[in-house]
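Trainee: Coordinates in query.pdb, PDB, C-alpha atoms, are listed below.
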ATOM      1  CA  MET E   1     -93.241-173.239-162.237  1.00  0.00           C
ATOM      2  CA  LYS E   2     -95.298-171.417-159.682  1.00  0.00           C
ATOM      3  CA  ALA E   3     -98.386-172.500-157.806  1.00  0.00           C
ATOM      4  CA  ILE E   4    -100.608-170.255-155.732  1.00  0.00           C
ATOM      5  CA  VAL E   5    -102.367-171.993-152.866  1.00  0.00           C
ATOM      6  CA  THR E   6    -105.169-170.080-151.172  1.00  0.00           C
ATOM      7  CA  VAL E   7    -106.296-171.387-147.797  1.00  0.00           C
ATOM      8  CA  ASN E   8    -109.540-170.161-146.260  1.00  0.00           C
ATOM      9  CA  LEU E   9    -111.497-171.108-143.195  1.00  0.00           C
ATOM     10  CA  LYS E  10    -114.551-173.162-144.091  1.00  0.00           C
ATOM     11  CA  ASN E  11    -117.932-171.484-143.891  1.00  0.00           C
ATOM     12  CA  GLY E  12    -119.303-171.728-140.387  1.00  0.00           C
ATOM     13  CA  VAL E  13    -115.890-171.772-138.752  1.00  0.00           C
ATOM     14  CA  LEU E  14    -115.489-168.769-136.457  1.00  0.00           C
ATOM     15  CA  ASP E  15    -112.939-166.257-137.756  1.00  0.00           C
ATOM     16  CA  PRO E  16    -112.026-163.830-134.962  1.00  0.00           C
ATOM     17  CA  GLN E  17    -109.266-162.219-137.014  1.00  0.00           C
ATOM     18  CA  GLY E  18    -111.705-161.443-139.823  1.00  0.00           C
ATOM     19  CA  LYS E  19    -114.203-160.074-137.302  1.00  0.00           C
ATOM     20  CA  ALA E  20    -111.541-157.816-135.813  1.00  0.00           C
ATOM     21  CA  ILE E  21    -110.687-156.490-139.281  1.00  0.00           C
ATOM     22  CA  ALA E  22    -114.340-155.773-140.113  1.00  0.00           C
ATOM     23  CA  HIS E  23    -114.982-154.025-136.780  1.00  0.00           C
ATOM     24  CA  THR E  24    -111.851-151.930-137.042  1.00  0.00           C
ATOM     25  CA  LEU E  25    -112.663-150.834-140.598  1.00  0.00           C
ATOM     26  CA  VAL E  26    -116.110-149.697-139.473  1.00  0.00           C
ATOM     27  CA  ASP E  27    -114.565-147.922-136.482  1.00  0.00           C
ATOM     28  CA  ILE E  28    -112.054-145.968-138.583  1.00  0.00           C
ATOM     29  CA  GLY E  29    -114.724-144.665-140.908  1.00  0.00           C
ATOM     30  CA  TYR E  30    -115.805-147.338-143.378  1.00  0.00           C
ATOM     31  CA  PRO E  31    -119.411-148.212-142.495  1.00  0.00           C
ATOM     32  CA  GLU E  32    -119.785-149.919-145.905  1.00  0.00           C
ATOM     33  CA  VAL E  33    -117.844-152.910-144.546  1.00  0.00           C
ATOM     34  CA  GLN E  34    -120.312-155.651-143.609  1.00  0.00           C
ATOM     35  CA  GLY E  35    -117.895-158.422-142.850  1.00  0.00           C
ATOM     36  CA  ALA E  36    -114.446-159.812-143.503  1.00  0.00           C
ATOM     37  CA  ARG E  37    -112.760-163.170-143.477  1.00  0.00           C
ATOM     38  CA  GLN E  38    -109.040-163.706-143.477  1.00  0.00           C
ATOM     39  CA  GLY E  39    -107.143-166.537-145.082  1.00  0.00           C
ATOM     40  CA  LYS E  40    -103.640-167.109-146.273  1.00  0.00           C
ATOM     41  CA  VAL E  41    -102.014-167.399-149.644  1.00  0.00           C
ATOM     42  CA  ILE E  42     -98.863-169.408-150.247  1.00  0.00           C
ATOM     43  CA  GLU E  43     -96.835-168.952-153.405  1.00  0.00           C
ATOM     44  CA  LEU E  44     -94.824-172.084-154.134  1.00  0.00           C
ATOM     45  CA  ASP E  45     -91.804-172.210-156.397  1.00  0.00           C
ATOM     46  CA  LEU E  46     -91.761-175.727-157.804  1.00  0.00           C
ATOM     47  CA  ALA E  47     -89.681-177.815-160.186  1.00  0.00           C
ATOM     48  CA  ASP E  48     -91.240-177.725-163.648  1.00  0.00           C
ATOM     49  CA  GLY E  49     -93.758-180.464-164.283  1.00  0.00           C
ATOM     50  CA  THR E  50     -94.823-180.999-160.670  1.00  0.00           C
ATOM     51  CA  PRO E  51     -98.289-182.578-160.952  1.00  0.00           C
ATOM     52  CA  LYS E  52    -101.250-180.914-159.286  1.00  0.00           C
ATOM     53  CA  GLU E  53    -101.850-184.085-157.220  1.00  0.00           C
ATOM     54  CA  LYS E  54     -98.499-183.516-155.506  1.00  0.00           C
ATOM     55  CA  ILE E  55     -99.545-179.980-154.590  1.00  0.00           C
ATOM     56  CA  GLU E  56    -102.846-181.275-153.225  1.00  0.00           C
ATOM     57  CA  GLU E  57    -100.888-183.734-151.082  1.00  0.00           C
ATOM     58  CA  MET E  58     -98.765-180.875-149.718  1.00  0.00           C
ATOM     59  CA  CYS E  59    -101.930-178.971-148.839  1.00  0.00           C
ATOM     60  CA  ASP E  60    -103.457-181.924-147.024  1.00  0.00           C
ATOM     61  CA  LYS E  61    -100.255-182.721-145.149  1.00  0.00           C
ATOM     62  CA  LEU E  62     -98.919-179.285-144.242  1.00  0.00           C
ATOM     63  CA  LEU E  63    -100.421-176.173-145.772  1.00  0.00           C
ATOM     64  CA  ALA E  64    -104.040-176.491-144.691  1.00  0.00           C
ATOM     65  CA  ASN E  65    -105.919-178.108-141.841  1.00  0.00           C
ATOM     66  CA  PRO E  66    -108.598-180.030-143.761  1.00  0.00           C
ATOM     67  CA  VAL E  67    -110.854-180.152-140.698  1.00  0.00           C
ATOM     68  CA  ILE E  68    -111.478-176.416-140.630  1.00  0.00           C
ATOM     69  CA  GLU E  69    -109.889-175.060-143.793  1.00  0.00           C
ATOM     70  CA  SER E  70    -110.504-175.399-147.505  1.00  0.00           C
ATOM     71  CA  TYR E  71    -107.928-174.640-150.154  1.00  0.00           C
ATOM     72  CA  SER E  72    -107.704-173.907-153.835  1.00  0.00           C
ATOM     73  CA  ILE E  73    -104.699-174.349-156.109  1.00  0.00           C
ATOM     74  CA  GLU E  74    -103.881-172.196-159.092  1.00  0.00           C
ATOM     75  CA  VAL E  75    -100.977-173.279-161.238  1.00  0.00           C
ATOM     76  CA  ALA E  76     -99.290-170.362-162.994  1.00  0.00           C
TER      77      ALA E  76
ATOM     78  CA  MET Y   1    -120.487-156.964-153.229  1.00  0.00           C
ATOM     79  CA  LYS Y   2    -117.319-158.793-152.409  1.00  0.00           C
ATOM     80  CA  ALA Y   3    -113.711-157.711-152.739  1.00  0.00           C
ATOM     81  CA  ILE Y   4    -110.703-159.970-152.389  1.00  0.00           C
ATOM     82  CA  VAL Y   5    -107.586-158.231-151.112  1.00  0.00           C
ATOM     83  CA  THR Y   6    -104.327-160.142-151.430  1.00  0.00           C
ATOM     84  CA  VAL Y   7    -101.414-158.845-149.363  1.00  0.00           C
ATOM     85  CA  ASN Y   8     -97.893-160.079-150.061  1.00  0.00           C
ATOM     86  CA  LEU Y   9     -94.506-159.155-148.743  1.00  0.00           C
ATOM     87  CA  LYS Y  10     -92.573-157.078-151.266  1.00  0.00           C
ATOM     88  CA  ASN Y  11     -89.734-158.746-153.115  1.00  0.00           C
ATOM     89  CA  GLY Y  12     -86.566-158.514-151.113  1.00  0.00           C
ATOM     90  CA  VAL Y  13     -88.349-158.493-147.765  1.00  0.00           C
ATOM     91  CA  LEU Y  14     -87.305-161.511-145.703  1.00  0.00           C
ATOM     92  CA  ASP Y  15     -90.126-164.019-145.247  1.00  0.00           C
ATOM     93  CA  PRO Y  16     -89.207-166.460-142.453  1.00  0.00           C
ATOM     94  CA  GLN Y  17     -92.649-168.061-142.486  1.00  0.00           C
ATOM     95  CA  GLY Y  18     -92.355-168.826-146.202  1.00  0.00           C
ATOM     96  CA  LYS Y  19     -88.852-170.214-145.660  1.00  0.00           C
ATOM     97  CA  ALA Y  20     -90.119-172.487-142.885  1.00  0.00           C
ATOM     98  CA  ILE Y  21     -92.866-173.800-145.180  1.00  0.00           C
ATOM     99  CA  ALA Y  22     -90.405-174.501-148.010  1.00  0.00           C
ATOM    100  CA  HIS Y  23     -87.918-176.274-145.725  1.00  0.00           C
ATOM    101  CA  THR Y  24     -90.598-178.367-144.090  1.00  0.00           C
ATOM    102  CA  LEU Y  25     -92.060-179.426-147.445  1.00  0.00           C
ATOM    103  CA  VAL Y  26     -88.616-180.574-148.582  1.00  0.00           C
ATOM    104  CA  ASP Y  27     -88.094-182.370-145.261  1.00  0.00           C
ATOM    105  CA  ILE Y  28     -91.362-184.307-145.469  1.00  0.00           C
ATOM    106  CA  GLY Y  29     -90.581-185.595-148.936  1.00  0.00           C
ATOM    107  CA  TYR Y  30     -91.168-182.915-151.563  1.00  0.00           C
ATOM    108  CA  PRO Y  31     -87.755-182.043-152.985  1.00  0.00           C
ATOM    109  CA  GLU Y  32     -89.460-180.306-155.943  1.00  0.00           C
ATOM    110  CA  VAL Y  33     -90.210-177.336-153.686  1.00  0.00           C
ATOM    111  CA  GLN Y  34     -87.675-174.598-154.372  1.00  0.00           C
ATOM    112  CA  GLY Y  35     -89.163-171.829-152.320  1.00  0.00           C
ATOM    113  CA  ALA Y  36     -92.323-170.436-150.798  1.00  0.00           C
ATOM    114  CA  ARG Y  37     -93.667-167.084-149.770  1.00  0.00           C
ATOM    115  CA  GLN Y  38     -96.667-166.560-147.553  1.00  0.00           C
ATOM    116  CA  GLY Y  39     -99.137-163.724-147.721  1.00  0.00           C
ATOM    117  CA  LYS Y  40    -102.657-163.146-146.578  1.00  0.00           C
ATOM    118  CA  VAL Y  41    -105.958-162.846-148.328  1.00  0.00           C
ATOM    119  CA  ILE Y  42    -108.861-160.838-146.942  1.00  0.00           C
ATOM    120  CA  GLU Y  43    -112.361-161.293-148.291  1.00  0.00           C
ATOM    121  CA  LEU Y  44    -114.400-158.151-147.666  1.00  0.00           C
ATOM    122  CA  ASP Y  45    -118.183-158.025-147.686  1.00  0.00           C
ATOM    123  CA  LEU Y  46    -119.038-154.501-148.792  1.00  0.00           C
ATOM    124  CA  ALA Y  47    -122.118-152.416-149.460  1.00  0.00           C
ATOM    125  CA  ASP Y  48    -122.933-152.475-153.179  1.00  0.00           C
ATOM    126  CA  GLY Y  49    -121.268-149.736-155.165  1.00  0.00           C
ATOM    127  CA  THR Y  50    -118.269-149.207-152.892  1.00  0.00           C
ATOM    128  CA  PRO Y  51    -115.645-147.628-155.172  1.00  0.00           C
ATOM    129  CA  LYS Y  52    -112.265-149.287-155.594  1.00  0.00           C
ATOM    130  CA  GLU Y  53    -110.575-146.127-154.272  1.00  0.00           C
ATOM    131  CA  LYS Y  54    -112.258-146.710-150.904  1.00  0.00           C
ATOM    132  CA  ILE Y  55    -110.879-150.248-150.800  1.00  0.00           C
ATOM    133  CA  GLU Y  56    -107.404-148.957-151.642  1.00  0.00           C
ATOM    134  CA  GLU Y  57    -107.704-146.508-148.754  1.00  0.00           C
ATOM    135  CA  MET Y  58    -108.608-149.374-146.395  1.00  0.00           C
ATOM    136  CA  CYS Y  59    -105.545-151.281-147.581  1.00  0.00           C
ATOM    137  CA  ASP Y  60    -103.237-148.334-147.001  1.00  0.00           C
ATOM    138  CA  LYS Y  61    -104.703-147.560-143.598  1.00  0.00           C
ATOM    139  CA  LEU Y  62    -105.243-150.990-142.092  1.00  0.00           C
ATOM    140  CA  LEU Y  63    -104.948-154.089-144.237  1.00  0.00           C
ATOM    141  CA  ALA Y  64    -101.382-153.764-145.493  1.00  0.00           C
ATOM    142  CA  ASN Y  65     -98.184-152.168-144.313  1.00  0.00           C
ATOM    143  CA  PRO Y  66     -97.156-150.223-147.441  1.00  0.00           C
ATOM    144  CA  VAL Y  67     -93.532-150.117-146.298  1.00  0.00           C
ATOM    145  CA  ILE Y  68     -92.985-153.852-146.641  1.00  0.00           C
ATOM    146  CA  GLU Y  69     -96.149-155.194-148.251  1.00  0.00           C
ATOM    147  CA  SER Y  70     -97.855-154.826-151.607  1.00  0.00           C
ATOM    148  CA  TYR Y  71    -101.505-155.592-152.225  1.00  0.00           C
ATOM    149  CA  SER Y  72    -103.868-156.298-155.059  1.00  0.00           C
ATOM    150  CA  ILE Y  73    -107.623-155.865-155.103  1.00  0.00           C
ATOM    151  CA  GLU Y  74    -110.050-158.016-157.028  1.00  0.00           C
ATOM    152  CA  VAL Y  75    -113.688-156.930-157.021  1.00  0.00           C
ATOM    153  CA  ALA Y  76    -116.087-159.844-157.461  1.00  0.00           C
TER     154      ALA Y  76
END
Translate this file's structure into structure tokens.
Mentor:
Amino acid sequence: MKAIVTVNLKNGVLDPQGKAIAHTLVDIGYPEVQGARQGKVIELDLADGTPKEKIEEMCDKLLANPVIESYSIEVA
Amino acid sequence: MKAIVTVNLKNGVLDPQGKAIAHTLVDIGYPEVQGARQGKVIELDLADGTPKEKIEEMCDKLLANPVIESYSIEVA
């Protein structure tokens, strides 16, 4: 089975990488860009039947920093 | 309007970061992990009515490296 984990910075946490993306897009000719935030997406290949709680544990322990990041899990 | 751009390495392109994640998860007690691949997700804040073609252009020019990465766009 596959699980897609999306990790984003929490609202209010400064995101310099996202800011750089937004500024650069405006600079190269896309004034319609008002902002950008960057996160990461991790596609996990898991043994069939892995419970979602296990994936949440992995997020809390390794994949995300719960202090500044939030995550969502999509089991495919 | 918002657009979510997901950028992943193409199949066959080596992903050392994903490998490191998979190995570490196994090491810390999750043998059900068989593999992992890491990509990035960019949430764009755009002026209303920005056409999808414009977003594709941004991906080709800045957000993704079309040689080794593929992307998908989701307009929300």
Trainee: Using the chain letters and residue numbers of this document, give as a list in words the residues selected by the PyMOL selection byres ((chain E and resi 10) around 12).
Mentor: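 So the PyMOL selection byres ((chain E and resi 10) around 12) ends up selecting Val7, Asn8, Leu9, Asn11, Gly12, Val13, Leu14, Asp15, Arg37, Gln38, Gly39, Ala64, Asn65, Pro66, Val67, Ile68, Glu69, Ser70, Tyr71 and Ser72 of chain E.
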Trainee: For the provided coordinates, the residues matched by the ChimeraX specification (/E :<8) & /Y should be stated as a PyMOL selection string.
Mentor: chain Y and resi 6+18+21-22+25+32-47+50+58+62-63
Trainee: Kindly give the distance, in Å, that separates CA of Ile73 in chain Y and CA of Lys52 in chain Y, rounded to a single decimal.
Mentor: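 CA of Lys52 in chain Y lies at a distance of 8.1 Å from CA of Ile73 in chain Y.
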Trainee: Hey, can you check how far CA of Val75 in chain Y sits from CA of Asp60 in chain Y?
Mentor: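 Interatomic distance, CA of Val75 in chain Y to CA of Asp60 in chain Y: 16.8 Å.
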Trainee: Just how far from CA of Glu56 in chain Y is CA of Gln17 in chain E, in Å to one decimal?
Mentor: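 Separation of CA of Gln17 in chain E and CA of Glu56 in chain Y: 19.8 Å.
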